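Trainee: Below is a structure I'd like to ask you about.
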Amino acid sequence: MVNVLEKYFDQTFFVPESIICWPNAVCFDALIAFVSHQQTLFDEVIYGIDSIAFVKFGTSQEELIHLLLQTLEAFKRNQDNSIELFSHDIPIYYDLNVKDLNALAISLKMDKEEIIQRHEKSILKVAMIGFLPGFIYMKGLDQALYSNRKKVPSPRIAPGSVGIAETFTGIYPIQSPGGWNIIGFCPIKLFDVNKHPAIHLKIGDEVRFHSISEKEYLKMNAHGKY
Amino acid sequence: MASTRKAFLQVLETGVYASVQDRGRHGFMHWGIPHSGFMDKALAALANELVGNSEDLSCIEFYKNNLSIRFSNTAHIAIAGIQISFSIDGEIYTGTQRVQIPKGGVLKILSLPHHNWAYLAILGGFNSEQILGSRSMMKGVTTLDRLYKGMTIPFTHSNGAMSGLTVKLGKEKEQDINIMPGPEFKLLPKPIQNKVFNKPLMISPQSNRQAYILDGFDQEIPNAQIKSGYTPAGTIQITPAGKLFVLMKDGQTTGGYFRIGFLDKEDLGQLAQIPFGEKVQFNINLK
């Protein structure tokens, strides 16, 4: 039993009613994508950057292991079949006048236009949703765009703002303080608790941004005036 | 007994912080949505029980005193809080009890000396906005993240009389909480492992429903960061600057600080009620 867990995970850690797993590099992307598109046996599944936590309320450690093994068994069976790739095309208005883009151009020693081009060409993957309800972390950023967070966070970032920080691209669902370097604005509400489901993007899905003009942005903007 | 006439309450004063809460919303942590819900589940259950509600119906949860509310119609309510005192149209009541508010009556919370959170329950619950199966107010999820002065909340009007009922609650004095180590506890330098717990820490007045900040450690731990991962309510984290905090019901679902301990679910309600400015001791078995 333990051997099965070792096959998939570098490490596991038990917390009451939950187990935190660090899937190994071989299965990481496939396992995450499988679990996020599955009705799972768990009450909560929480995705981290390099970990995944499974929660079942009111269960013992033994039951948790049992459910996890069932999940891994289903994953193994699924691996033999062809895996459907989920991909999303998201509009973005890259605003050349945004302050953070100027600062990035200086720190990355790169033209603003090149930053935008490299970002638009990046094939991103939804890594996790956290920090705020509906705040999407995407990995797969062009390495030349890796950057630090702002030293002093902005007190007010507009909803729909798209930022980059470290190795990630993130989208702010609501107005919030934050330290990501804002490079553009997404006019559509990707996360809306009044819709079912509140978000169509799932962990592991592919995301590509496509550039739209300011005019198109204003026409499509669903976040309201800011 | 219930009629469909539109009954509502109006918030006259909010005090420091008040919100509608219920058992919370579960199953959405992968969207970054914390469970939210009652900070002290047992006390809220008592308030609901006093008016004959099921234990997880929505209540107004409030911090300390000064919440003031006018009811448009007769209302059967319960107030639960340790040594709480309140007034209805100027008449003073002390202790946890159910009571009937007359049409147009004004409730005012006068004092909550020994605890942080207390509850107002109403027969039938509050008919406030429900999102993803819960009325618990939460920033980024519900339209309002707390009660605001002047706002109204509908409730189900009931006729008929309800007798008063008072419950005696003892003041809990236990301020020691046993915890278990988190996944990054063993990554702390050994000397820090030995002194971060098992001694009193002060709950900072900066604390809130997201996190209780603990003062009294503050020793830098360079590079104490991880790749963001699961942080349920009850997670004890430490920042590289050495700031300790416990994530509470509205806490972030994921985080990048070391998770050095976890509180049991049952103990979270106990911690929630230790007054800001007082001390708590987390005990860990280091074997």
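Ligands are numbered from 1 in the order shown, residues from 1 within each chain, and chains are lettered A, B, ... in the order they appear in the structure tokens.
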Define the interface residues of chain B facing chain A as those within 6 Å, counting only C-alpha atoms, and report them as a compact mmCIF listing (two decimals) with N, CA, C and O atoms, in the first residue's frame.
Mentor:
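Okay, this is what ended up in iface31.txt:
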```
# COMPACT_ATOMS: atom_id res chain seq x y z
N GLY B 27 -16.37 22.76 -0.03
CA GLY B 27 -16.22 22.15 -1.36
C GLY B 27 -15.73 23.11 -2.42
O GLY B 27 -15.69 22.76 -3.60
N HIS B 30 -10.78 24.80 -3.78
CA HIS B 30 -9.95 24.80 -5.01
C HIS B 30 -10.18 26.05 -5.84
O HIS B 30 -9.45 26.31 -6.78
N TRP B 31 -11.22 26.84 -5.50
CA TRP B 31 -11.42 28.14 -6.15
C TRP B 31 -10.91 29.26 -5.25
O TRP B 31 -11.21 30.43 -5.47
N GLY B 32 -10.21 28.90 -4.22
CA GLY B 32 -9.68 29.92 -3.32
C GLY B 32 -10.70 30.43 -2.32
O GLY B 32 -10.52 31.48 -1.73
N ILE B 33 -11.80 29.68 -2.16
CA ILE B 33 -12.87 30.12 -1.25
C ILE B 33 -12.75 29.39 0.08
O ILE B 33 -12.92 28.17 0.15
N GLY B 140 -15.15 39.00 -1.77
CA GLY B 140 -14.89 38.33 -3.04
C GLY B 140 -15.89 37.22 -3.34
O GLY B 140 -15.84 36.62 -4.40
N LYS B 227 6.66 26.73 -1.69
CA LYS B 227 5.76 26.95 -2.82
C LYS B 227 4.34 26.86 -2.28
O LYS B 227 4.04 25.94 -1.52
N SER B 228 3.51 27.81 -2.66
CA SER B 228 2.16 27.91 -2.10
C SER B 228 1.44 26.57 -2.06
O SER B 228 1.46 25.81 -3.02
N GLY B 229 0.80 26.32 -0.93
CA GLY B 229 0.05 25.08 -0.75
C GLY B 229 -1.04 25.24 0.29
O GLY B 229 -1.21 26.33 0.87
N GLN B 252 -6.87 32.61 4.01
CA GLN B 252 -6.52 32.18 2.65
C GLN B 252 -6.47 30.65 2.58
O GLN B 252 -6.00 30.01 3.51
N THR B 254 -4.64 28.93 0.46
CA THR B 254 -3.28 28.50 0.16
C THR B 254 -2.31 29.58 0.62
O THR B 254 -2.68 30.75 0.68
```
Trainee: DSSP on the backbone: what in chain A comes out strand (DSSP E or B), as JSON, numbers by chain?
Mentor: {"A": [9, 10, 11, 12, 13, 14, 15, 18, 19, 20, 21, 22, 23, 44, 45, 46, 47, 52, 53, 54, 55, 87, 88, 89, 90, 91, 92, 93, 94, 124, 125, 126, 127, 128, 129, 136, 137, 138, 139, 147, 154, 155, 156, 157, 161, 162, 163, 164, 165, 166, 168, 169, 170, 171, 176, 177, 178, 181, 182, 183, 184, 185, 206, 207, 208, 209, 210, 211]}
Trainee: With only C-alpha atoms as the atoms that count, which of A:Leu68, A:Glu216, A:Gln39, A:Pro197 lies nearest to Leu132 in chain B?
Mentor: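 Looking only at the distances to Leu132 in chain B, the closest residue turns out to be A:Pro197.
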Trainee: Rounded to one decimal place, report the CA of Phe262 in chain B-CA of Leu46 in chain B distance in Å.
Mentor: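 We find that CA of Phe262 in chain B and CA of Leu46 in chain B lie 26.3 Å from each other.
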Trainee: Record the distance separating CA of Ala45 in chain B and CA of Ser163 in chain B, expressed in Å with one decimal.
Mentor: 19.3 Å
Trainee: Which residues, written as a PyMOL selection string, have at least one atom at most 7 Å from Leu123 in chain B, with only C-alpha atoms counted and residues fewer than 3 positions away on the same chain left out?
Mentor: chain B and resi 51-53+76-77
Trainee: May I ask which of the residues B:Gln175, B:Thr142, B:Asn116, B:Ser204 is the closest one to Ala272 in chain B, counting only C-alpha atoms?
Mentor: B:Asn116
Trainee: If you run DSSP on the backbone, which residues of range 42-229 of chain B are helix (DSSP H, G or I), as number ranges by chain?
Mentor: B: 42-50, 185-187, 190-195
Trainee: Create the file for the chosen residues now, containing all heavy atoms and written as a compact mmCIF listing (two decimals), in the first residue's frame.
Mentor:
```txt
# COMPACT_ATOMS: atom_id res chain seq x y z
N ALA B 42 -20.02 26.23 18.57
CA ALA B 42 -20.81 25.72 19.69
C ALA B 42 -21.73 26.80 20.25
O ALA B 42 -22.90 26.55 20.57
CB ALA B 42 -19.89 25.19 20.78
N LEU B 43 -21.22 28.02 20.33
CA LEU B 43 -22.01 29.13 20.88
C LEU B 43 -23.13 29.52 19.91
O LEU B 43 -24.26 29.79 20.33
CB LEU B 43 -21.10 30.33 21.17
CG LEU B 43 -21.70 31.46 21.99
CD1 LEU B 43 -22.14 30.96 23.36
CD2 LEU B 43 -20.69 32.60 22.15
N ALA B 44 -22.83 29.52 18.62
CA ALA B 44 -23.85 29.83 17.61
C ALA B 44 -24.94 28.75 17.63
O ALA B 44 -26.13 29.06 17.50
CB ALA B 44 -23.21 29.91 16.22
N ALA B 45 -24.53 27.50 17.81
CA ALA B 45 -25.50 26.40 17.87
C ALA B 45 -26.44 26.59 19.05
O ALA B 45 -27.65 26.34 18.95
CB ALA B 45 -24.77 25.07 17.98
N LEU B 46 -25.89 27.07 20.16
CA LEU B 46 -26.71 27.33 21.35
C LEU B 46 -27.73 28.43 21.08
O LEU B 46 -28.90 28.32 21.44
CB LEU B 46 -25.80 27.70 22.54
CG LEU B 46 -26.49 28.11 23.83
CD1 LEU B 46 -27.33 26.95 24.38
CD2 LEU B 46 -25.48 28.57 24.87
N ALA B 47 -27.29 29.50 20.42
CA ALA B 47 -28.20 30.61 20.09
C ALA B 47 -29.34 30.09 19.21
O ALA B 47 -30.52 30.39 19.46
CB ALA B 47 -27.43 31.72 19.37
N ASN B 48 -29.00 29.30 18.21
CA ASN B 48 -30.03 28.74 17.32
C ASN B 48 -30.98 27.81 18.06
O ASN B 48 -32.19 27.86 17.87
CB ASN B 48 -29.36 28.00 16.16
CG ASN B 48 -29.15 28.89 14.94
OD1 ASN B 48 -29.99 29.76 14.65
ND2 ASN B 48 -28.05 28.70 14.24
N GLU B 49 -30.41 26.99 18.92
CA GLU B 49 -31.21 26.03 19.68
C GLU B 49 -32.23 26.74 20.58
O GLU B 49 -33.36 26.30 20.71
CB GLU B 49 -30.24 25.18 20.52
CG GLU B 49 -30.84 23.94 21.11
CD GLU B 49 -29.85 23.29 22.07
OE1 GLU B 49 -28.67 23.12 21.69
OE2 GLU B 49 -30.25 22.98 23.21
N LEU B 50 -31.82 27.87 21.14
CA LEU B 50 -32.70 28.62 22.04
C LEU B 50 -33.97 29.10 21.34
O LEU B 50 -35.02 29.20 21.95
CB LEU B 50 -31.96 29.80 22.66
CG LEU B 50 -31.06 29.50 23.86
CD1 LEU B 50 -30.20 30.70 24.21
CD2 LEU B 50 -31.90 29.07 25.06
N PHE B 185 7.44 22.20 10.11
CA PHE B 185 7.99 22.38 11.46
C PHE B 185 9.43 21.90 11.53
O PHE B 185 10.31 22.55 12.07
CB PHE B 185 7.13 21.65 12.49
CG PHE B 185 7.62 21.81 13.90
CD1 PHE B 185 7.45 23.01 14.58
CD2 PHE B 185 8.28 20.77 14.55
CE1 PHE B 185 7.92 23.18 15.88
CE2 PHE B 185 8.76 20.93 15.85
CZ PHE B 185 8.57 22.14 16.51
N LYS B 186 9.67 20.73 10.91
CA LYS B 186 11.02 20.13 10.99
C LYS B 186 12.05 20.89 10.15
O LYS B 186 13.24 20.65 10.26
CB LYS B 186 10.97 18.66 10.58
CG LYS B 186 10.48 18.42 9.16
CD LYS B 186 10.44 16.94 8.84
CE LYS B 186 10.12 16.71 7.37
NZ LYS B 186 8.81 17.26 6.96
N LEU B 187 11.57 21.84 9.30
CA LEU B 187 12.52 22.65 8.53
C LEU B 187 13.00 23.87 9.31
O LEU B 187 13.92 24.56 8.90
CB LEU B 187 11.87 23.13 7.21
CG LEU B 187 11.38 22.04 6.24
CD1 LEU B 187 10.80 22.68 4.99
CD2 LEU B 187 12.53 21.11 5.86
N LYS B 190 16.72 23.92 14.60
CA LYS B 190 16.46 23.18 15.86
C LYS B 190 16.20 24.09 17.07
O LYS B 190 15.22 23.90 17.79
CB LYS B 190 17.62 22.21 16.16
CG LYS B 190 17.28 20.78 15.76
CD LYS B 190 16.70 20.01 16.95
CE LYS B 190 15.72 18.92 16.62
NZ LYS B 190 15.91 18.01 15.56
N PRO B 191 17.05 25.11 17.30
CA PRO B 191 16.80 25.95 18.48
C PRO B 191 15.43 26.63 18.43
O PRO B 191 14.79 26.84 19.46
CB PRO B 191 17.91 27.01 18.41
CG PRO B 191 18.90 26.52 17.41
CD PRO B 191 18.22 25.54 16.53
N ILE B 192 15.00 26.95 17.22
CA ILE B 192 13.69 27.60 17.08
C ILE B 192 12.57 26.60 17.29
O ILE B 192 11.56 26.90 17.93
CB ILE B 192 13.60 28.34 15.72
CG1 ILE B 192 14.52 29.56 15.79
CG2 ILE B 192 12.17 28.75 15.40
CD1 ILE B 192 14.65 30.36 14.56
N GLN B 193 12.75 25.38 16.81
CA GLN B 193 11.77 24.32 17.06
C GLN B 193 11.50 24.19 18.56
O GLN B 193 10.38 23.98 18.99
CB GLN B 193 12.30 22.96 16.57
CG GLN B 193 12.25 22.79 15.07
CD GLN B 193 12.67 21.37 14.66
OE1 GLN B 193 12.57 20.42 15.43
NE2 GLN B 193 13.13 21.25 13.42
N ASN B 194 12.57 24.34 19.35
CA ASN B 194 12.45 24.14 20.78
C ASN B 194 11.83 25.31 21.53
O ASN B 194 11.43 25.16 22.66
CB ASN B 194 13.82 23.82 21.40
CG ASN B 194 14.30 22.45 20.96
OD1 ASN B 194 13.50 21.54 20.76
ND2 ASN B 194 15.61 22.31 20.78
N LYS B 195 11.80 26.49 20.89
CA LYS B 195 11.28 27.60 21.69
C LYS B 195 10.09 28.34 21.09
O LYS B 195 9.57 29.26 21.71
CB LYS B 195 12.42 28.57 22.03
CG LYS B 195 12.99 29.33 20.88
CD LYS B 195 14.12 30.21 21.41
CE LYS B 195 14.68 31.04 20.29
NZ LYS B 195 15.95 31.64 20.59
```
Trainee: For Thr235 in chain B, which of B:Lys249, B:Gly261, B:Ile101, B:Gln219 is the closest residue, counting only C-alpha atoms?
Mentor: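 Among the listed residues, B:Gly261 lies closest to Thr235 in chain B.
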Trainee: Could you name the residues that touch Pro154 in chain B at 9 Å or less, counting only C-alpha atoms, but leaving out those on the same chain fewer than 2 positions away, as an NGL selection string?
Mentor: :B and (6-10 or 126-128 or 152 or 156-157)
